[in-house]
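Q: Dropping a structure here in structure tokens format, bear with me for questions.
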Amino acid sequence: MVTSLSTLRSRTALLVGSMAAGTSRLLRRGAGDVIGSKVALALDPEVLRHVGTNRRVIVVSGTNGKSTTTALVQAALGNRVDKQTGANMPTGWVTTLIRTHGAVALEVDEPYLAEAIDKLSPEVVCLLNLSRDQLDRTSEVRQIAEKWRLVIAGTTAQIVANANDPLIVYAVGPALNVTWVDAPLVWVKDASSCPLCTRPLSVEGDWHCACGFRRPRPSWHLNTRTIEGPGVSIPFSVALPGEYNRGNAAMAIVSAHLAGVQAGIAASRVGEVTEVLGRFGTVRWRGRQWKLFLAKNPAGLSALAQLADDFSDDIVISINDNIADGRDPSWLYDAPFDEIARGHRVFCTGSRALDIATRLHYAGIESTVMNKIEDLPAMVSASGPVTVISNYTAFSDWQRRGTPC
Amino acid sequence: MLSIATLYPEALGTYGDGGNALALAHRAHVRGYRVESLAVPLGSPLPDADVYLLGGGEDGPQRQAADALRSDGTLATRVGNGAIVLAVCAGLQILGRTFEVAGGRIAAGVGLIDAETRRGAERRVGNAVIKVDGRYVVGFENHGGDTHLGGDAPLGAVVRGYGNNGAVDGVNAPGVLGTYLHGPVLALNPWLCDLVLERATGEALEPYVSVADDLYQARLAALL
């Protein structure tokens, strides 16, 4: 009767957790769900296995685009996307699983992939890309790829993976059941040497190495107006901006399709999503409109550079160095600020505003450092929404400040 | 003409190392120097340059870079002829005689400085401050190495952080400056950037004030 006892334990944990959540809500200490999930996990670390049982679970991981892609898979599954929490660790998964019914997509922070696969038994694992990100907090990118490789070798889940990223291909290597997608990749600088043998990778056309490690043949491709898979060609348009979001959309459509959604339906649902967790959205603050973009690492800023033609003349760059952002903003020097800021009037804000200003200065671009954010509205043009590029907690600061338009 | 060569950026460029070449080029340019900035990929022979930059990198690429520098074999002669090397983090390690990589393997370094690096007890991650002749170098370190210097002097004393061993950081040898403060250390420390330039040109530089000085002062105030 071990099974039923452990089920009982999980049920008790969830019950106590939901009481804690209710109490927390009564005390007005926030939404409550996170506290409830923390309590449930503390009482029973196996609670995830039970809330995830008999559910179709799709997990999404990778350095960049995981929140967006998770939201797009949710859309493809027919779930509401406006309740996305962006939570990508066990507590957040419990919260999402308690709140929802039926098939569900969950975002997974890269170091938690093993736990997600073990505890959630996902039907589909969607792996986007791997690049440098917050090296003070997470392992170096190749160590992540190595860990993933061990985890993935032991899973029977269907893997959806980007064939263009050598580190992803390395990590997925031993998997049994892989669907490769030809999704655009904007950043390959972390994979210039072969993950298998460390020789330089040849990146002309199909990337490959002298040792035989090479780009797998994708079975899904993007065209201008269609996405094509084995025997199907489906109309494809994406409301979210940028080539990288077309890639995220493709990964989401294929993942939802493998989880049982007709590809055409998945594509049309994905195409309608215009905003994810406020990203790409516009807020109003002190008489101005601000269009908010999130970019927290070099790959993210490279992706944003694709949208530079649409930026306002004045742009604001907000960089914080809280723990969630990474304490070390050295990565600013790896990001293409020339492409993003040249020709614009730039205002720097956030706890590391001087670091941005210095980065821009050494690229030959002078900017204005804002000591008081309250002075900013009077200094920027009122003619239209002002482009704001921020990293993680700076983005939250902007969302708190503004009212959605 | 001042020539700055960034060595093997595809292997040694983990975290903002490109900032050092940018800062050197900018600060030389505003002092009236014509500047040439070169990126040297793995496998290419070293070009003639006044400054050679080595950045940080992960184990595999670090070994590749060490092998490439040893098989090129010209760096010591170039330093003997007056060139300056700035080596950061993994770059510092490979200039020594040996360094240890994952799995406990000991790899051969370039032997330009009298140093041996072994894996330390733990990874050292965080803000760091080094005192060099009464001045400070501010930055961030993220490494798992313990570096033992033989006859060569360190760059300075550790005020905050870990550096080579908790007491001193980096190296200050003829023609070579090295530090564990990774990434854009010259962009963050204008005076250190100018020190590299003065050694490379053999000339004193006029003062130059920019937003980088504001950043330096702010970091110093935050970290000391």
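Chain labels follow the order of the structure tokens: the first chain is A, the next B, and so on; residue numbering restarts at 1 in every chain, and ligands are counted from 1 in their shown order.
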Quick one: residues within 10 Å of Thr358 (chain A), only C-alpha atoms counted, chain neighbours fewer than 6 positions away excluded, as a count of residues only?
A: 17
Q: Report as a list in words: the residues of region 90-195 of chain A with a DSSP assignment of strand (DSSP E), based on the backbone of this structure.
A: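 Of region 90-195 of chain A, the ones in strand (DSSP E) are Val104, Ala105, Leu106, Glu107, Val124, Val125, Cys126, Leu127, Gln158, Ile159, Val160, Ala161, Asn162, Val178, Thr179, Trp180 and Val181 of chain A.
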Q: Those same residues - C-alpha atoms - I'd like them written as a PDB file, in the first residue's frame.
A:
ATOM      1  CA  VAL A 104      -0.407  22.342 -19.754  1.00  0.00           C
ATOM      2  CA  ALA A 105       2.924  23.914 -20.733  1.00  0.00           C
ATOM      3  CA  LEU A 106       5.481  24.662 -18.023  1.00  0.00           C
ATOM      4  CA  GLU A 107       8.590  26.810 -18.233  1.00  0.00           C
ATOM      5  CA  VAL A 124       7.014  16.682 -24.822  1.00  0.00           C
ATOM      6  CA  VAL A 125      10.269  18.464 -23.936  1.00  0.00           C
ATOM      7  CA  CYS A 126      10.887  21.603 -26.014  1.00  0.00           C
ATOM      8  CA  LEU A 127      14.525  22.782 -26.031  1.00  0.00           C
ATOM      9  CA  GLN A 158       9.358  13.345 -27.265  1.00  0.00           C
ATOM     10  CA  ILE A 159      12.020  16.015 -27.672  1.00  0.00           C
ATOM     11  CA  VAL A 160      11.447  19.074 -29.863  1.00  0.00           C
ATOM     12  CA  ALA A 161      14.786  20.770 -30.453  1.00  0.00           C
ATOM     13  CA  ASN A 162      16.376  23.528 -32.492  1.00  0.00           C
ATOM     14  CA  VAL A 178      13.652  13.820 -31.432  1.00  0.00           C
ATOM     15  CA  THR A 179      11.852  16.195 -33.773  1.00  0.00           C
ATOM     16  CA  TRP A 180      14.298  18.757 -35.165  1.00  0.00           C
ATOM     17  CA  VAL A 181      13.074  22.233 -36.061  1.00  0.00           C
TER      18      VAL A 181
END
Q: Which residues of chain B come within 7 Å of chain A, and for each one, what is the closest pair of atoms and their distance in Å to one decimal, counting only C-alpha atoms, sorted by chain and residue number, as a tab-separated table?
A:
residue	atom	partner	partner_atom	distance
B:Glu10	CA	A:Ser192	CA	6.2
B:Tyr15	CA	A:Trp331	CA	5.4
B:Gly16	CA	A:Tyr333	CA	4.5
B:Gly18	CA	A:Tyr333	CA	6.2
B:Gly19	CA	A:Tyr333	CA	5.4
B:Leu22	CA	A:Tyr362	CA	5.9
B:Ala23	CA	A:Tyr362	CA	5.7
B:His26	CA	A:Tyr362	CA	6.1
B:Gly60	CA	A:Thr198	CA	6.2
B:Pro61	CA	A:Thr198	CA	6.8
B:Val125	CA	A:Asp136	CA	6.1
B:Phe140	CA	A:Asp328	CA	6.7
B:Asn142	CA	A:Asp136	CA	6.6
B:Gly183	CA	A:Ser330	CA	5.9
B:Pro184	CA	A:Ser330	CA	6.3
B:Val211	CA	A:Thr358	CA	5.8
B:Ala212	CA	A:Thr358	CA	5.2
B:Leu215	CA	A:Leu354	CA	5.3
Q: Pick out the residues sitting within 12 Å of region 227-230 of chain A, and hand them over as an NGL selection string; count only C-alpha atoms, and ignore anything fewer than 3 positions along from it in its own chain.
A: :A and (179-183 or 218-224 or 233-238 or 246-247 or 249-254 or 257-258 or 263-264 or 266-268 or 271)
Q: Go ahead and save the residues from that selection, with N, CA, C and O atoms, as a CSV table (one decimal), in the first residue's frame.
A:
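Printed below is selection-v3.csv as written:
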chain,number,residue,atom,x,y,z
A,179,THR,N,12.3,15.5,-32.6
A,179,THR,CA,11.9,16.2,-33.8
A,179,THR,C,12.7,17.5,-33.9
A,179,THR,O,12.6,18.3,-33.0
A,180,TRP,N,13.4,17.6,-35.0
A,180,TRP,CA,14.3,18.8,-35.2
A,180,TRP,C,13.6,19.9,-35.9
A,180,TRP,O,12.9,19.6,-36.9
A,181,VAL,N,13.7,21.1,-35.4
A,181,VAL,CA,13.1,22.2,-36.1
A,181,VAL,C,14.2,23.2,-36.6
A,181,VAL,O,15.1,23.4,-35.9
A,182,ASP,N,13.9,23.7,-37.7
A,182,ASP,CA,14.9,24.7,-38.3
A,182,ASP,C,14.4,26.1,-37.9
A,182,ASP,O,13.8,26.8,-38.6
A,183,ALA,N,14.7,26.4,-36.6
A,183,ALA,CA,14.2,27.6,-36.0
A,183,ALA,C,15.4,28.7,-36.0
A,183,ALA,O,16.5,28.3,-35.7
A,218,PRO,N,16.5,18.9,-40.1
A,218,PRO,CA,15.2,19.3,-39.5
A,218,PRO,C,14.1,18.7,-40.3
A,218,PRO,O,14.1,18.6,-41.5
A,219,SER,N,13.0,18.3,-39.6
A,219,SER,CA,11.8,17.9,-40.3
A,219,SER,C,10.8,19.0,-40.3
A,219,SER,O,9.8,18.9,-41.0
A,220,TRP,N,11.0,20.1,-39.6
A,220,TRP,CA,10.1,21.3,-39.7
A,220,TRP,C,10.9,22.5,-40.1
A,220,TRP,O,12.0,22.7,-39.6
A,221,HIS,N,10.3,23.2,-41.1
A,221,HIS,CA,11.0,24.4,-41.6
A,221,HIS,C,10.0,25.6,-41.6
A,221,HIS,O,8.8,25.4,-41.7
A,222,LEU,N,10.6,26.8,-41.6
A,222,LEU,CA,9.8,28.0,-41.7
A,222,LEU,C,10.0,28.6,-43.1
A,222,LEU,O,11.1,28.7,-43.6
A,223,ASN,N,8.9,29.0,-43.7
A,223,ASN,CA,9.0,29.9,-44.9
A,223,ASN,C,8.3,31.2,-44.6
A,223,ASN,O,7.9,31.4,-43.5
A,224,THR,N,8.3,32.1,-45.5
A,224,THR,CA,7.8,33.4,-45.2
A,224,THR,C,6.4,33.4,-44.6
A,224,THR,O,6.1,34.0,-43.6
A,233,SER,N,1.9,21.6,-44.9
A,233,SER,CA,2.3,23.0,-45.1
A,233,SER,C,1.2,23.9,-44.5
A,233,SER,O,0.0,23.8,-45.0
A,234,ILE,N,1.5,24.6,-43.5
A,234,ILE,CA,0.4,25.3,-42.8
A,234,ILE,C,0.7,26.8,-42.8
A,234,ILE,O,1.8,27.3,-42.6
A,235,PRO,N,-0.4,27.6,-43.0
A,235,PRO,CA,-0.2,29.1,-43.0
A,235,PRO,C,0.4,29.5,-41.7
A,235,PRO,O,0.0,29.0,-40.6
A,236,PHE,N,1.3,30.5,-41.7
A,236,PHE,CA,2.0,30.8,-40.5
A,236,PHE,C,2.3,32.3,-40.5
A,236,PHE,O,2.9,32.9,-41.4
A,237,SER,N,1.7,33.0,-39.5
A,237,SER,CA,2.1,34.4,-39.3
A,237,SER,C,2.1,34.6,-37.8
A,237,SER,O,1.3,34.0,-37.1
A,238,VAL,N,3.0,35.5,-37.4
A,238,VAL,CA,3.2,35.7,-35.9
A,238,VAL,C,3.0,37.2,-35.6
A,238,VAL,O,3.6,38.0,-36.2
A,246,ARG,N,9.4,34.3,-34.4
A,246,ARG,CA,9.0,33.3,-35.4
A,246,ARG,C,9.5,32.0,-35.0
A,246,ARG,O,8.9,31.0,-35.2
A,247,GLY,N,10.8,32.0,-34.6
A,247,GLY,CA,11.4,30.7,-34.2
A,247,GLY,C,10.7,30.1,-33.0
A,247,GLY,O,10.4,29.0,-32.9
A,249,ALA,N,7.7,30.7,-32.1
A,249,ALA,CA,6.4,30.2,-32.5
A,249,ALA,C,6.4,28.9,-33.2
A,249,ALA,O,5.6,28.0,-32.9
A,250,ALA,N,7.5,28.7,-34.0
A,250,ALA,CA,7.6,27.4,-34.7
A,250,ALA,C,7.8,26.3,-33.7
A,250,ALA,O,7.2,25.2,-33.7
A,251,MET,N,8.7,26.5,-32.7
A,251,MET,CA,9.0,25.5,-31.6
A,251,MET,C,7.7,25.2,-30.9
A,251,MET,O,7.4,24.0,-30.5
A,252,ALA,N,6.9,26.2,-30.6
A,252,ALA,CA,5.6,26.0,-29.8
A,252,ALA,C,4.6,25.2,-30.7
A,252,ALA,O,4.0,24.3,-30.1
A,253,ILE,N,4.5,25.5,-31.9
A,253,ILE,CA,3.5,24.8,-32.8
A,253,ILE,C,3.9,23.3,-32.9
A,253,ILE,O,3.0,22.5,-32.7
A,254,VAL,N,5.1,23.1,-33.1
A,254,VAL,CA,5.6,21.7,-33.2
A,254,VAL,C,5.4,20.9,-31.9
A,254,VAL,O,4.9,19.8,-31.9
A,257,HIS,N,1.7,20.3,-31.4
A,257,HIS,CA,1.3,19.3,-32.4
A,257,HIS,C,1.6,17.9,-31.9
A,257,HIS,O,0.8,17.0,-31.9
A,258,LEU,N,2.8,17.7,-31.3
A,258,LEU,CA,3.2,16.4,-30.8
A,258,LEU,C,2.5,16.0,-29.6
A,258,LEU,O,2.4,14.8,-29.2
A,263,ALA,N,-1.8,20.7,-36.1
A,263,ALA,CA,-0.8,21.7,-36.4
A,263,ALA,C,-1.5,23.0,-36.9
A,263,ALA,O,-1.0,24.1,-36.5
A,264,GLY,N,-2.5,22.9,-37.7
A,264,GLY,CA,-3.1,24.1,-38.3
A,264,GLY,C,-3.8,24.9,-37.2
A,264,GLY,O,-3.7,26.2,-37.2
A,266,ALA,N,-3.0,24.8,-33.9
A,266,ALA,CA,-1.9,25.3,-33.1
A,266,ALA,C,-1.3,26.6,-33.7
A,266,ALA,O,-1.1,27.6,-33.0
A,267,ALA,N,-1.1,26.6,-35.1
A,267,ALA,CA,-0.5,27.7,-35.7
A,267,ALA,C,-1.4,29.0,-35.7
A,267,ALA,O,-0.9,30.1,-35.4
A,268,SER,N,-2.7,28.7,-35.9
A,268,SER,CA,-3.6,29.9,-35.9
A,268,SER,C,-3.7,30.5,-34.4
A,268,SER,O,-3.7,31.7,-34.3
A,271,GLY,N,-0.4,32.4,-33.6
A,271,GLY,CA,-0.3,33.6,-34.4
A,271,GLY,C,-1.0,34.8,-33.8
A,271,GLY,O,-0.7,35.9,-34.1
Q: Quick one: residues within 12 Å of His29 (chain B), only C-alpha atoms counted, chain neighbours fewer than 5 positions away excluded, as a list in words?
A: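 Surrounding residues, per the criterion: Tyr362 and Gly364 of chain A; Met1, Leu2, Ser3, Ala21, Leu22, Ala23, Leu24, Arg34, Val35, Glu36, Ser37, Asp194, Leu197, Leu205, Glu206 and Tyr208 of chain B.
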Q: I'd like the contact shell of Ser202 (chain A) - 12 Å cut-off, only C-alpha atoms, skipping same-chain residues fewer than 5 positions apart - returned as an NGL selection string.
A: :A and (166 or 188 or 191-194 or 207-215)
Q: Where does DSSP see helix (DSSP H, G or I) in region 286-337 of chain A, if you list the residues as a list in words?
A: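 Restricting region 286-337 of chain A to helix (DSSP H, G or I) produces Pro298, Ala299, Gly300, Leu301, Ser302, Ala303, Leu304, Ala305, Ala308, Asp309, Asp310, Ile323, Ala324, Asp325, Pro329, Ser330, Trp331, Leu332, Tyr333, Asp334 and Phe337 of chain A.
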Q: Take the residues just selected and output them with N, CA, C and O atoms as a short mmCIF file (atom, residue, chain, number, x, y, z; two decimals), in the first residue's frame.
A:
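Result written to selection.cif:
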data_model
loop_
_atom_site.label_atom_id
_atom_site.label_comp_id
_atom_site.auth_asym_id
_atom_site.auth_seq_id
_atom_site.Cartn_x
_atom_site.Cartn_y
_atom_site.Cartn_z
N PRO A 298 23.30 38.73 -23.81
CA PRO A 298 23.72 39.12 -25.16
C PRO A 298 22.82 38.57 -26.26
O PRO A 298 22.51 39.27 -27.22
N ALA A 299 22.38 37.31 -26.09
CA ALA A 299 21.52 36.73 -27.13
C ALA A 299 20.20 37.49 -27.21
O ALA A 299 19.69 37.75 -28.30
N GLY A 300 19.66 37.88 -26.03
CA GLY A 300 18.41 38.63 -26.01
C GLY A 300 18.56 39.99 -26.67
O GLY A 300 17.69 40.43 -27.43
N LEU A 301 19.68 40.66 -26.42
CA LEU A 301 19.89 41.97 -27.05
C LEU A 301 20.15 41.83 -28.54
O LEU A 301 19.75 42.69 -29.33
N SER A 302 20.81 40.75 -28.95
CA SER A 302 21.01 40.53 -30.38
C SER A 302 19.66 40.34 -31.07
O SER A 302 19.45 40.82 -32.18
N ALA A 303 18.76 39.63 -30.39
CA ALA A 303 17.43 39.42 -30.95
C ALA A 303 16.69 40.76 -31.06
O ALA A 303 16.06 41.06 -32.07
N LEU A 304 16.82 41.59 -30.01
CA LEU A 304 16.15 42.90 -30.03
C LEU A 304 16.69 43.79 -31.14
O LEU A 304 15.97 44.61 -31.70
N ALA A 305 17.99 43.64 -31.43
CA ALA A 305 18.60 44.47 -32.48
C ALA A 305 17.87 44.30 -33.80
O ALA A 305 17.85 45.21 -34.63
N ALA A 308 15.38 47.06 -34.26
CA ALA A 308 15.86 48.43 -34.04
C ALA A 308 15.19 49.45 -34.96
O ALA A 308 15.01 50.61 -34.57
N ASP A 309 14.80 49.04 -36.17
CA ASP A 309 14.14 49.98 -37.09
C ASP A 309 12.85 50.54 -36.50
O ASP A 309 12.42 51.62 -36.86
N ASP A 310 12.23 49.78 -35.63
CA ASP A 310 10.95 50.22 -35.06
C ASP A 310 11.10 50.95 -33.74
O ASP A 310 10.12 51.36 -33.14
N ILE A 323 19.90 39.93 -7.65
CA ILE A 323 20.29 38.52 -7.83
C ILE A 323 19.63 37.91 -9.06
O ILE A 323 20.26 37.21 -9.84
N ALA A 324 18.35 38.23 -9.27
CA ALA A 324 17.64 37.65 -10.41
C ALA A 324 18.20 38.13 -11.74
O ALA A 324 17.99 37.50 -12.78
N ASP A 325 18.92 39.26 -11.72
CA ASP A 325 19.50 39.79 -12.96
C ASP A 325 20.89 39.25 -13.20
O ASP A 325 21.41 39.35 -14.31
N PRO A 329 27.32 42.76 -14.58
CA PRO A 329 26.86 43.18 -15.91
C PRO A 329 27.95 43.19 -16.98
O PRO A 329 27.81 43.87 -17.99
N SER A 330 29.00 42.41 -16.80
CA SER A 330 30.06 42.35 -17.82
C SER A 330 29.50 42.04 -19.21
O SER A 330 30.04 42.47 -20.23
N TRP A 331 28.42 41.28 -19.23
CA TRP A 331 27.83 40.85 -20.51
C TRP A 331 27.40 42.01 -21.41
O TRP A 331 27.20 41.82 -22.61
N LEU A 332 27.27 43.19 -20.82
CA LEU A 332 26.90 44.34 -21.65
C LEU A 332 27.86 44.51 -22.82
O LEU A 332 27.49 44.97 -23.89
N TYR A 333 29.14 44.11 -22.60
CA TYR A 333 30.14 44.27 -23.65
C TYR A 333 30.01 43.21 -24.74
O TYR A 333 30.63 43.31 -25.78
N ASP A 334 29.22 42.17 -24.49
CA ASP A 334 29.00 41.15 -25.52
C ASP A 334 27.77 41.46 -26.37
O ASP A 334 27.48 40.74 -27.31
N PHE A 337 25.36 46.85 -28.82
CA PHE A 337 24.79 48.17 -28.54
C PHE A 337 24.93 49.14 -29.70
O PHE A 337 24.14 50.07 -29.82
#
Q: Pick the closest to Gly154 (chain A) from A:Val276, A:Val380, A:Ile117, A:Leu130: which is it, counting only C-alpha atoms?
A: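 Between A:Val276, A:Val380, A:Ile117, A:Leu130, the residue approaching Gly154 (chain A) most closely is A:Ile117.
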Q: Rank A:Gln74, A:Thr349, A:Thr387, A:Ser255 by their smallest atom-to-atom distance to Ile315 (chain A), using only C-alpha atoms, and report the top residue only.
A: A:Thr387
Q: Counting only C-alpha atoms, what is within 7 Å of Arg279 (chain A), bar same-chain residues fewer than 2 positions away, as a list in words?
A: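 The residues satisfying every condition are Glu275, Val276, Leu277, Gly281, Leu292, Phe293 and Leu294 of chain A.
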Q: Just checking: using only C-alpha atoms, which residue out of A:Asn322, A:Ser37, A:Asn297, A:Ser121 ends up closest to Ala87 (chain A)?
A: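 Among the listed residues, A:Ser37 lies closest to Ala87 (chain A).
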Q: So how far away is CA of Ala222 (chain B) from CA of Leu376 (chain A), in Å?
A: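 For CA of Leu376 (chain A) relative to CA of Ala222 (chain B), the distance reads 24.4 Å.
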